[in-house]
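Q: File name start-v2.txt; file contents compact mmCIF, C-alpha atoms and all ligand atoms; full text below.
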```txt
# COMPACT_ATOMS: atom_id res chain seq x y z
CA MET A 20 98.14 117.96 131.73
CA GLY A 21 98.77 114.26 131.81
CA PHE A 22 96.99 111.25 133.17
CA PRO A 23 94.22 110.97 134.40
CA HIS A 24 92.90 113.97 132.39
CA GLN A 25 94.53 112.67 129.29
CA ARG A 26 93.61 109.15 128.26
CA MET A 27 94.92 108.01 124.90
CA ARG A 28 92.56 105.04 124.86
CA ARG A 29 89.43 107.24 124.63
CA LEU A 30 89.88 107.65 120.89
CA ARG A 31 90.45 103.91 120.44
CA GLU A 32 87.22 102.74 122.08
CA SER A 33 85.04 102.21 119.02
CA GLU A 34 85.59 101.33 115.38
CA PRO A 35 83.73 104.39 113.95
CA LEU A 36 85.87 106.71 116.03
CA ARG A 37 89.05 104.85 115.13
CA ARG A 38 88.10 105.26 111.49
CA MET A 39 87.51 108.99 111.94
CA VAL A 40 90.88 109.68 113.55
CA ARG A 41 92.86 107.39 111.25
CA GLU A 42 95.76 109.39 109.76
CA THR A 43 96.70 107.25 106.78
CA ALA A 44 94.57 105.49 104.20
CA LEU A 45 95.78 102.98 101.68
CA ALA A 46 93.95 102.84 98.34
CA SER A 47 94.18 100.54 95.35
CA SER A 48 94.99 103.68 93.32
CA ASP A 49 98.33 103.88 95.18
CA LEU A 50 99.52 100.58 93.73
CA ILE A 51 101.67 99.56 90.80
CA TYR A 52 101.76 95.84 89.95
CA PRO A 53 105.15 94.50 88.75
CA LEU A 54 104.91 91.75 86.13
CA PHE A 55 107.44 89.53 84.36
CA VAL A 56 106.94 88.93 80.66
CA LYS A 57 108.57 86.19 78.58
CA GLU A 58 108.48 84.78 75.07
CA GLY A 59 105.97 82.17 73.88
CA THR A 60 102.22 81.76 74.00
CA ASP A 61 99.90 80.51 76.70
CA GLN A 62 102.73 80.53 79.24
CA ARG A 63 102.25 81.03 82.95
CA GLU A 64 105.45 79.80 84.51
CA ALA A 65 105.62 79.72 88.30
CA ILE A 66 108.48 81.59 89.97
CA LEU A 67 109.49 79.17 92.72
CA SER A 68 111.07 81.78 94.98
CA MET A 69 107.93 83.95 94.73
CA PRO A 70 104.88 81.74 95.29
CA GLY A 71 101.88 83.21 93.47
CA GLN A 72 104.00 85.14 90.95
CA PHE A 73 104.57 84.03 87.36
CA ARG A 74 106.48 84.66 84.17
CA TRP A 75 103.78 85.44 81.63
CA SER A 76 103.77 85.19 77.87
CA ILE A 77 102.26 88.31 76.27
CA ASP A 78 98.81 86.77 75.69
CA ARG A 79 98.52 85.66 79.32
CA LEU A 80 100.03 88.96 80.52
CA ILE A 81 97.08 90.75 78.97
CA THR A 82 94.61 88.64 80.93
CA GLU A 83 96.52 89.18 84.16
CA ALA A 84 96.84 92.93 83.59
CA THR A 85 93.14 93.20 82.72
CA ASP A 86 92.33 91.42 85.95
CA ALA A 87 94.47 93.86 87.93
CA HIS A 88 92.93 96.83 86.15
CA ARG A 89 89.41 95.59 86.99
CA LEU A 90 90.43 95.49 90.65
CA GLY A 91 91.22 99.21 90.52
CA ILE A 92 95.00 99.03 90.12
CA PRO A 93 95.95 101.91 87.81
CA ALA A 94 99.37 100.73 86.65
CA VAL A 95 101.69 97.83 85.94
CA MET A 96 105.49 97.75 85.77
CA LEU A 97 107.06 95.43 83.22
CA PHE A 98 110.23 93.37 83.54
CA GLY A 99 111.38 91.48 80.47
CA ILE A 100 112.78 87.97 80.30
CA PRO A 101 114.40 87.63 76.88
CA ASP A 102 115.35 84.43 75.12
CA HIS A 103 118.81 85.78 74.29
CA LYS A 104 121.32 87.60 76.44
CA ASP A 105 124.63 89.12 75.39
CA GLU A 106 127.46 91.26 76.75
CA ARG A 107 125.71 94.54 75.96
CA GLY A 108 122.14 93.53 76.77
CA SER A 109 121.07 94.33 73.23
CA SER A 110 117.77 92.40 73.39
CA GLY A 111 116.73 95.04 75.93
CA TYR A 112 116.76 97.84 73.36
CA ASP A 113 115.59 95.90 70.34
CA PRO A 114 112.48 97.74 69.03
CA ASN A 115 110.93 94.28 68.78
CA GLY A 116 112.15 93.08 72.15
CA ILE A 117 109.91 91.28 74.61
CA VAL A 118 109.00 94.38 76.65
CA GLN A 119 108.49 96.55 73.58
CA ARG A 120 106.04 94.00 72.14
CA ALA A 121 104.34 93.54 75.50
CA VAL A 122 103.81 97.30 75.84
CA ARG A 123 102.29 97.51 72.36
CA ALA A 124 99.95 94.62 73.12
CA LEU A 125 98.91 96.07 76.48
CA LYS A 126 98.28 99.56 75.12
CA ASP A 127 96.26 98.01 72.33
CA ARG A 128 94.16 95.69 74.50
CA VAL A 129 93.95 97.53 77.84
CA PRO A 130 94.45 101.18 76.80
CA ASP A 131 93.37 102.66 80.13
CA LEU A 132 95.96 100.74 82.07
CA PHE A 133 99.07 102.86 82.74
CA VAL A 134 102.19 100.99 81.63
CA VAL A 135 105.54 101.63 83.30
CA THR A 136 108.71 99.92 82.07
CA ASP A 137 111.83 99.07 84.02
CA VAL A 138 114.85 100.46 82.20
CA CYS A 139 117.99 98.48 83.02
CA ILE A 140 120.07 96.01 81.04
CA ASP A 141 120.69 93.40 83.75
CA GLU A 142 117.89 91.10 82.61
CA TYR A 143 119.43 91.16 79.12
CA THR A 144 123.17 90.86 79.80
CA SER A 145 125.00 87.54 79.79
CA HIS A 146 126.98 88.64 82.89
CA GLY A 147 123.89 89.89 84.77
CA HIS A 148 125.30 93.33 85.57
CA CYS A 149 123.37 96.56 85.09
CA GLY A 150 126.07 98.08 82.92
CA ILE A 151 128.64 97.41 80.22
CA VAL A 152 131.52 95.41 81.66
CA GLN A 153 135.18 95.94 80.78
CA ASP A 154 138.06 94.28 82.64
CA GLY A 155 135.75 93.40 85.49
CA ARG A 156 134.48 96.96 85.94
CA ILE A 157 131.03 98.35 85.26
CA LEU A 158 131.36 101.28 82.87
CA ASN A 159 129.11 104.24 83.58
CA ASP A 160 129.01 106.53 80.55
CA GLU A 161 129.04 103.72 77.97
CA THR A 162 126.00 102.22 79.70
CA LEU A 163 124.06 105.47 79.28
CA ASP A 164 123.88 104.87 75.52
CA CYS A 165 122.12 101.53 76.11
CA LEU A 166 119.72 103.12 78.58
CA ARG A 167 118.87 105.91 76.15
CA LEU A 168 117.96 103.39 73.47
CA MET A 169 116.02 101.22 75.86
CA ALA A 170 113.92 104.12 77.15
CA LYS A 171 113.34 105.40 73.64
CA THR A 172 112.19 102.04 72.26
CA HIS A 173 109.87 101.66 75.25
CA ALA A 174 108.38 105.10 74.60
CA GLU A 175 108.01 104.33 70.90
CA ALA A 176 106.12 101.17 71.84
CA GLY A 177 103.74 103.30 73.90
CA ALA A 178 105.08 103.11 77.47
CA ASP A 179 103.37 105.70 79.67
CA MET A 180 106.36 106.12 81.98
CA VAL A 181 109.92 104.78 82.09
CA ALA A 182 111.71 103.77 85.26
CA PRO A 183 115.52 103.50 85.19
CA SER A 184 116.78 101.07 87.85
CA ASP A 185 120.44 100.74 86.89
CA MET A 186 121.97 103.32 89.28
CA MET A 187 124.43 104.70 86.70
CA ASP A 188 125.26 108.37 87.26
CA GLY A 189 123.61 110.76 84.84
CA ARG A 190 121.04 108.30 83.48
CA VAL A 191 118.04 110.50 84.21
CA ALA A 192 119.50 113.45 82.27
CA ALA A 193 120.52 111.15 79.42
CA ILE A 194 117.10 109.49 79.18
CA ARG A 195 115.30 112.85 79.43
CA ASP A 196 117.43 114.18 76.60
CA GLU A 197 116.81 111.12 74.44
CA LEU A 198 113.06 111.16 75.05
CA ASP A 199 112.79 114.89 74.34
CA GLN A 200 114.78 114.55 71.12
CA GLY A 201 112.49 111.73 70.03
CA GLY A 202 109.34 113.78 70.63
CA PHE A 203 108.48 112.04 73.90
CA GLU A 204 108.70 115.09 76.14
CA ARG A 205 105.36 114.14 77.70
CA VAL A 206 106.62 110.76 78.96
CA PRO A 207 107.58 111.01 82.65
CA ILE A 208 110.59 109.39 84.29
CA MET A 209 110.30 107.58 87.61
CA SER A 210 113.86 107.07 88.76
CA TYR A 211 114.93 104.38 91.19
CA ALA A 212 116.86 107.16 92.95
CA ALA A 213 117.78 105.56 96.26
CA LYS A 214 118.28 101.93 95.34
CA TYR A 215 120.25 99.97 97.89
CA ALA A 216 122.52 96.98 97.27
CA SER A 217 120.08 94.68 99.06
CA CYS A 218 119.91 90.92 99.62
CA LEU A 219 116.15 91.30 99.20
CA TYR A 220 116.37 91.23 95.38
CA ALA A 221 117.37 87.54 95.43
CA PRO A 222 113.96 86.11 94.43
CA PHE A 223 113.72 88.63 91.57
CA ARG A 224 117.12 87.52 90.31
CA GLU A 225 115.90 83.94 90.27
CA ALA A 226 112.80 85.07 88.38
CA ALA A 227 114.83 86.97 85.79
CA SER A 228 118.02 84.83 85.90
CA SER A 229 119.88 88.10 86.43
CA SER A 230 122.30 87.32 89.25
CA PRO A 231 125.68 88.86 88.48
CA ALA A 232 128.02 86.20 87.09
CA PHE A 233 130.92 87.75 89.06
CA GLY A 234 131.19 90.21 91.92
CA ASP A 235 128.20 92.13 93.22
CA ARG A 236 126.33 95.39 92.60
CA CYS A 237 128.06 97.37 95.36
CA SER A 238 129.94 99.64 92.94
CA TYR A 239 126.68 101.11 91.68
CA GLN A 240 123.85 100.40 94.14
CA MET A 241 123.85 102.17 97.50
CA ASP A 242 125.38 101.04 100.77
CA PRO A 243 122.55 100.11 103.20
CA ALA A 244 124.43 102.05 105.90
CA ASN A 245 123.92 105.40 104.16
CA ALA A 246 120.99 107.74 104.63
CA ARG A 247 122.45 111.20 103.89
CA GLU A 248 123.73 109.85 100.60
CA ALA A 249 120.17 108.92 99.64
CA VAL A 250 119.21 112.58 99.88
CA ARG A 251 122.04 113.45 97.48
CA GLU A 252 120.95 110.73 95.04
CA VAL A 253 117.36 111.91 95.15
CA ARG A 254 118.26 115.59 94.70
CA ALA A 255 120.56 114.77 91.80
CA ASP A 256 117.81 112.82 90.03
CA VAL A 257 115.24 115.59 90.57
CA GLU A 258 117.71 118.12 89.16
CA GLU A 259 118.29 115.88 86.13
CA GLY A 260 114.55 115.83 85.47
CA ALA A 261 113.03 112.90 87.37
CA ASP A 262 109.27 113.37 87.73
CA VAL A 263 108.87 110.71 90.42
CA ILE A 264 111.61 109.29 92.60
CA MET A 265 111.72 105.85 94.15
CA VAL A 266 113.18 104.33 97.28
CA LYS A 267 113.92 100.61 97.20
CA PRO A 268 113.55 98.25 99.08
CA ALA A 269 110.67 99.63 101.15
CA LEU A 270 110.10 98.21 104.63
CA PRO A 271 113.71 98.13 105.91
CA TYR A 272 114.18 101.64 104.47
CA LEU A 273 111.18 103.50 105.90
CA ASP A 274 113.53 106.12 107.32
CA ILE A 275 114.78 106.82 103.82
CA ILE A 276 111.22 107.13 102.48
CA SER A 277 110.33 109.53 105.25
CA ARG A 278 113.49 111.59 104.85
CA THR A 279 113.10 111.76 101.10
CA ARG A 280 109.47 112.85 101.46
CA ALA A 281 110.66 115.74 103.63
CA GLU A 282 113.48 116.76 101.28
CA VAL A 283 111.81 116.96 97.86
CA ASP A 284 108.42 117.94 96.48
CA VAL A 285 108.10 115.37 93.71
CA PRO A 286 105.95 112.28 94.29
CA VAL A 287 107.79 109.52 96.12
CA ALA A 288 107.40 105.87 95.18
CA ALA A 289 108.56 102.88 97.20
CA PHE A 290 109.17 99.34 95.93
CA GLN A 291 108.19 96.48 98.22
CA VAL A 292 110.66 94.14 96.54
CA SER A 293 110.68 90.44 95.80
CA GLY A 294 112.39 89.46 99.08
CA GLU A 295 109.85 91.43 101.09
CA TYR A 296 107.11 89.57 99.22
CA SER A 297 108.71 86.15 99.66
CA MET A 298 109.36 86.62 103.39
CA ILE A 299 105.68 87.27 104.02
CA LYS A 300 104.60 84.43 101.72
CA ALA A 301 106.98 81.94 103.32
CA ALA A 302 105.88 82.81 106.85
CA ALA A 303 102.23 82.62 105.82
CA GLN A 304 102.75 79.20 104.20
CA GLN A 305 104.12 77.99 107.52
CA GLY A 306 101.08 79.42 109.28
CA TRP A 307 103.31 81.79 111.24
CA LEU A 308 101.45 84.92 110.27
CA ASP A 309 98.30 85.99 108.49
CA ASP A 310 99.37 87.19 105.07
CA SER A 311 96.27 89.37 104.51
CA LYS A 312 97.07 91.31 107.64
CA ALA A 313 100.78 91.43 106.87
CA ILE A 314 100.08 92.77 103.37
CA LEU A 315 97.85 95.58 104.58
CA GLU A 316 100.05 96.50 107.55
CA THR A 317 103.30 96.63 105.59
CA LEU A 318 101.75 98.62 102.73
CA LEU A 319 100.07 101.02 105.15
CA SER A 320 103.39 101.54 106.93
CA ILE A 321 105.13 102.29 103.65
CA LYS A 322 102.41 104.84 102.86
CA ARG A 323 102.57 106.35 106.36
CA ALA A 324 106.34 106.79 106.00
CA GLY A 325 105.65 109.04 103.01
CA ALA A 326 105.27 106.97 99.84
CA ASP A 327 102.66 108.24 97.40
CA LEU A 328 102.99 105.24 95.10
CA ILE A 329 103.82 101.68 96.06
CA LEU A 330 105.14 98.98 93.76
CA THR A 331 104.15 95.62 95.17
CA TYR A 332 103.72 92.05 93.98
CA PHE A 333 100.80 91.97 96.44
CA ALA A 334 98.93 94.60 94.39
CA LYS A 335 96.05 92.29 93.45
CA ASP A 336 95.72 90.81 96.95
CA ALA A 337 95.83 94.28 98.47
CA ALA A 338 93.25 95.67 96.04
CA ARG A 339 90.92 92.75 96.78
CA LEU A 340 91.29 93.27 100.53
CA LEU A 341 90.74 97.02 100.22
CA ASN A 342 87.72 96.56 97.96
CA ALA A 343 86.20 94.05 100.41
CA ALA A 344 86.73 96.46 103.31
CA THR A 345 84.89 99.31 101.58
CA SER A 346 81.97 97.37 100.05
C1 LIG B 1 117.16 95.75 87.92
C2 LIG B 1 116.11 95.58 88.94
C3 LIG B 1 116.14 94.70 90.02
C4 LIG B 1 114.94 94.87 90.68
C5 LIG B 1 114.21 95.82 90.00
N1 LIG B 1 114.96 96.26 88.93
C6 LIG B 1 117.15 93.69 90.39
C7 LIG B 1 118.47 94.09 90.89
O1 LIG B 1 118.81 95.26 91.04
O2 LIG B 1 119.24 93.15 91.11
C8 LIG B 1 114.55 94.14 91.92
C9 LIG B 1 113.08 94.07 92.18
C10 LIG B 1 112.70 93.08 93.20
O3 LIG B 1 113.54 92.48 93.90
O4 LIG B 1 111.49 92.88 93.33
N2 LIG B 1 116.62 95.63 86.62
```
Rewrite the structure of this file - the entire thing - as structure tokens.
A:
Amino acid sequence: MGFPHQRMRRLRESEPLRRMVRETALASSDLIYPLFVKEGTDQREAILSMPGQFRWSIDRLITEATDAHRLGIPAVMLFGIPDHKDERGSSGYDPNGIVQRAVRALKDRVPDLFVVTDVCIDEYTSHGHCGIVQDGRILNDETLDCLRLMAKTHAEAGADMVAPSDMMDGRVAAIRDELDQGGFERVPIMSYAAKYASCLYAPFREAASSSPAFGDRCSYQMDPANAREAVREVRADVEEGADVIMVKPALPYLDIISRTRAEVDVPVAAFQVSGEYSMIKAAAQQGWLDDSKAILETLLSIKRAGADLILTYFAKDAARLLNAATS
């Protein structure tokens, strides 16, 4: 029975009815707010490629995180910007490194805020790669030792969850083993399971000065052309012990989010990355689109595709908009 018996517009006539038949709802509790932390005090350094985002010193990070928490955002994700970088990214697994100290301070001052840490050495290596480099190649198994130490020092500092983003094979199993041996069996792992070699990380790399000094990340991050391979990556990480898996970037990869959601039963996270943020910001600054609407529509779409958790630099804006809509 088609038209005229069936009229799709009937259910769209009024706002109360549209609300009742709405299939997807975005909530501030879905959001994780990524933050950059650097050395120093009273620092709030603008990231030029990401208007509205900053590199925070630990004292200012606490204020910003408290603000986010008050808005109803349950979690933050920390990225460290160290003063010193070397070949092996050793400042990343220093028990007194920038992220380790930031975690301790956050857990001390804002204990109810859930703190996730990014586990990857690229922000700490002089060459900017996510692994140990030898003769121009990125070594896999040698890198696992660094990742183990990094995850362990984060857990010791009080991190509530660790999130490996390096794309080395076997890192989830290695980190799980290290955490369990250290008595951190209750700390979950959110793995960046399907992480694509995307141009959309460019603003992040400016923020963290982590562009690879040579070559690119194509020998470890995924080819944007591949979808079946994402399912293999995700399954492998779940088998190795990942508690939550992530797809990244988000908006250009909604098919991957949706497919992943159908393939595994663990919670799925999606990362609306720096380039996705900056594209919306840039267009809004030109007056070409309304950023409030773009924020809510893109996040809702990511949720509709199947993401349970969304990492977004818009977390505070989104929470404010959602709170205003419900009050
Ligand atoms: C690696 C890492 C990156 C991002 C998150 N973790 C950068 C990269 O892979 O080059 C990108 C996040 C973003 O673009 O917002 N530590």
Q: Of the residues A:Lys104, A:Lys335, A:Arg236, A:Arg29, which is the one nearest to ligand LIG 1 (chain B), using all atoms listed in the file?
A: A:Arg236
Q: May I have the residues within 9 Å of region 56-72 of chain A as an MDAnalysis selection string, using only C-alpha atoms and disregarding those fewer than 5 positions away in the same chain?
A: chainID A and resid 77:80 97:102 117:118 121 221:223 225:226 293:294 296:297 300:301 332
Q: Could you turn the residues from that selection into a file that holds C-alpha atoms, as a short mmCIF file (atom, residue, chain, number, x, y, z; two decimals), in the coordinates of the input?
A:
```cif
data_model
loop_
_atom_site.label_atom_id
_atom_site.label_comp_id
_atom_site.auth_asym_id
_atom_site.auth_seq_id
_atom_site.Cartn_x
_atom_site.Cartn_y
_atom_site.Cartn_z
CA ILE A 77 102.26 88.31 76.27
CA ASP A 78 98.81 86.77 75.69
CA ARG A 79 98.52 85.66 79.32
CA LEU A 80 100.03 88.96 80.52
CA LEU A 97 107.06 95.43 83.22
CA PHE A 98 110.23 93.37 83.54
CA GLY A 99 111.38 91.48 80.47
CA ILE A 100 112.78 87.97 80.30
CA PRO A 101 114.40 87.63 76.88
CA ASP A 102 115.35 84.43 75.12
CA ILE A 117 109.91 91.28 74.61
CA VAL A 118 109.00 94.38 76.65
CA ALA A 121 104.34 93.54 75.50
CA ALA A 221 117.37 87.54 95.43
CA PRO A 222 113.96 86.11 94.43
CA PHE A 223 113.72 88.63 91.57
CA GLU A 225 115.90 83.94 90.27
CA ALA A 226 112.80 85.07 88.38
CA SER A 293 110.68 90.44 95.80
CA GLY A 294 112.39 89.46 99.08
CA TYR A 296 107.11 89.57 99.22
CA SER A 297 108.71 86.15 99.66
CA LYS A 300 104.60 84.43 101.72
CA ALA A 301 106.98 81.94 103.32
CA TYR A 332 103.72 92.05 93.98
#
```
Q: In Å, with one decimal, what is the gap from CA of Asp137 (chain A) to CA of Met241 (chain A)?
A: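 According to the coordinates, CA of Asp137 (chain A) and CA of Met241 (chain A) are separated by 18.3 Å.
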Q: Closest to Ala87 (chain A) among A:Ala334, A:Leu340, A:Val253, A:Ala178, using only C-alpha atoms?
A: A:Ala334
Q: Taking only C-alpha atoms and all ligand atoms into account, which residues have an atom no farther than 6 Å from ligand LIG 1 (chain B)? I'd like them as number ranges by chain.
A: A: 139, 141, 184, 220, 223, 292-293
Q: With distances taken over only C-alpha atoms, which residue among A:Ser228, A:Leu158, A:Gly260, A:Ala213 lies nearest Ala246 (chain A)?
A: A:Ala213
Q: A:Val134, A:Ala281, A:Ala44, A:Ala124: which is nearest Thr82 (chain A), counting all atoms listed in the file?
A: A:Ala124
Q: Reconstruct region 218-236 of chain A at the level of N, CA and C atoms, and format the result as a PDB file, in the frame of the given file.
A:
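As a result, selection38.pdb now contains:
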```pdb
ATOM      1  N   CYS A 218     120.065  92.373  99.796  1.00  0.00           N
ATOM      2  CA  CYS A 218     119.910  90.920  99.620  1.00  0.00           C
ATOM      3  C   CYS A 218     118.465  90.585  99.259  1.00  0.00           C
ATOM      4  N   LEU A 219     117.577  91.555  99.399  1.00  0.00           N
ATOM      5  CA  LEU A 219     116.150  91.300  99.200  1.00  0.00           C
ATOM      6  C   LEU A 219     115.734  91.233  97.725  1.00  0.00           C
ATOM      7  N   TYR A 220     116.705  91.390  96.810  1.00  0.00           N
ATOM      8  CA  TYR A 220     116.370  91.230  95.380  1.00  0.00           C
ATOM      9  C   TYR A 220     116.584  89.791  94.916  1.00  0.00           C
ATOM     10  N   ALA A 221     117.013  88.909  95.830  1.00  0.00           N
ATOM     11  CA  ALA A 221     117.370  87.540  95.430  1.00  0.00           C
ATOM     12  C   ALA A 221     116.254  86.799  94.685  1.00  0.00           C
ATOM     13  N   PRO A 222     115.004  86.830  95.178  1.00  0.00           N
ATOM     14  CA  PRO A 222     113.960  86.110  94.430  1.00  0.00           C
ATOM     15  C   PRO A 222     113.739  86.681  93.032  1.00  0.00           C
ATOM     16  N   PHE A 223     113.839  88.000  92.889  1.00  0.00           N
ATOM     17  CA  PHE A 223     113.720  88.630  91.570  1.00  0.00           C
ATOM     18  C   PHE A 223     114.802  88.098  90.640  1.00  0.00           C
ATOM     19  N   ARG A 224     116.013  87.978  91.174  1.00  0.00           N
ATOM     20  CA  ARG A 224     117.120  87.520  90.310  1.00  0.00           C
ATOM     21  C   ARG A 224     116.909  86.082  89.889  1.00  0.00           C
ATOM     22  N   GLU A 225     116.242  85.297  90.705  1.00  0.00           N
ATOM     23  CA  GLU A 225     115.900  83.940  90.270  1.00  0.00           C
ATOM     24  C   GLU A 225     114.849  84.038  89.159  1.00  0.00           C
ATOM     25  N   ALA A 226     113.877  84.909  89.366  1.00  0.00           N
ATOM     26  CA  ALA A 226     112.800  85.070  88.380  1.00  0.00           C
ATOM     27  C   ALA A 226     113.345  85.494  87.026  1.00  0.00           C
ATOM     28  N   ALA A 227     114.329  86.386  87.036  1.00  0.00           N
ATOM     29  CA  ALA A 227     114.830  86.970  85.790  1.00  0.00           C
ATOM     30  C   ALA A 227     116.176  86.380  85.379  1.00  0.00           C
ATOM     31  N   SER A 228     116.662  85.381  86.095  1.00  0.00           N
ATOM     32  CA  SER A 228     118.020  84.830  85.900  1.00  0.00           C
ATOM     33  C   SER A 228     119.012  85.969  85.696  1.00  0.00           C
ATOM     34  N   SER A 229     119.043  86.914  86.623  1.00  0.00           N
ATOM     35  CA  SER A 229     119.880  88.100  86.430  1.00  0.00           C
ATOM     36  C   SER A 229     120.896  88.291  87.551  1.00  0.00           C
ATOM     37  N   SER A 230     121.250  87.195  88.239  1.00  0.00           N
ATOM     38  CA  SER A 230     122.300  87.320  89.250  1.00  0.00           C
ATOM     39  C   SER A 230     123.615  87.638  88.561  1.00  0.00           C
ATOM     40  N   PRO A 231     124.403  88.565  89.114  1.00  0.00           N
ATOM     41  CA  PRO A 231     125.680  88.860  88.480  1.00  0.00           C
ATOM     42  C   PRO A 231     126.574  87.618  88.437  1.00  0.00           C
ATOM     43  N   ALA A 232     127.182  87.378  87.264  1.00  0.00           N
ATOM     44  CA  ALA A 232     128.020  86.200  87.090  1.00  0.00           C
ATOM     45  C   ALA A 232     129.317  86.322  87.896  1.00  0.00           C
ATOM     46  N   PHE A 233     129.737  87.544  88.201  1.00  0.00           N
ATOM     47  CA  PHE A 233     130.920  87.750  89.060  1.00  0.00           C
ATOM     48  C   PHE A 233     130.641  88.980  89.918  1.00  0.00           C
ATOM     49  N   GLY A 234     131.283  89.029  91.061  1.00  0.00           N
ATOM     50  CA  GLY A 234     131.190  90.210  91.920  1.00  0.00           C
ATOM     51  C   GLY A 234     129.781  90.489  92.407  1.00  0.00           C
ATOM     52  N   ASP A 235     129.521  91.736  92.710  1.00  0.00           N
ATOM     53  CA  ASP A 235     128.200  92.130  93.220  1.00  0.00           C
ATOM     54  C   ASP A 235     127.850  93.509  92.648  1.00  0.00           C
ATOM     55  N   ARG A 236     126.768  94.107  93.159  1.00  0.00           N
ATOM     56  CA  ARG A 236     126.330  95.390  92.600  1.00  0.00           C
ATOM     57  C   ARG A 236     126.750  96.580  93.477  1.00  0.00           C
TER      58      ARG A 236
END
```
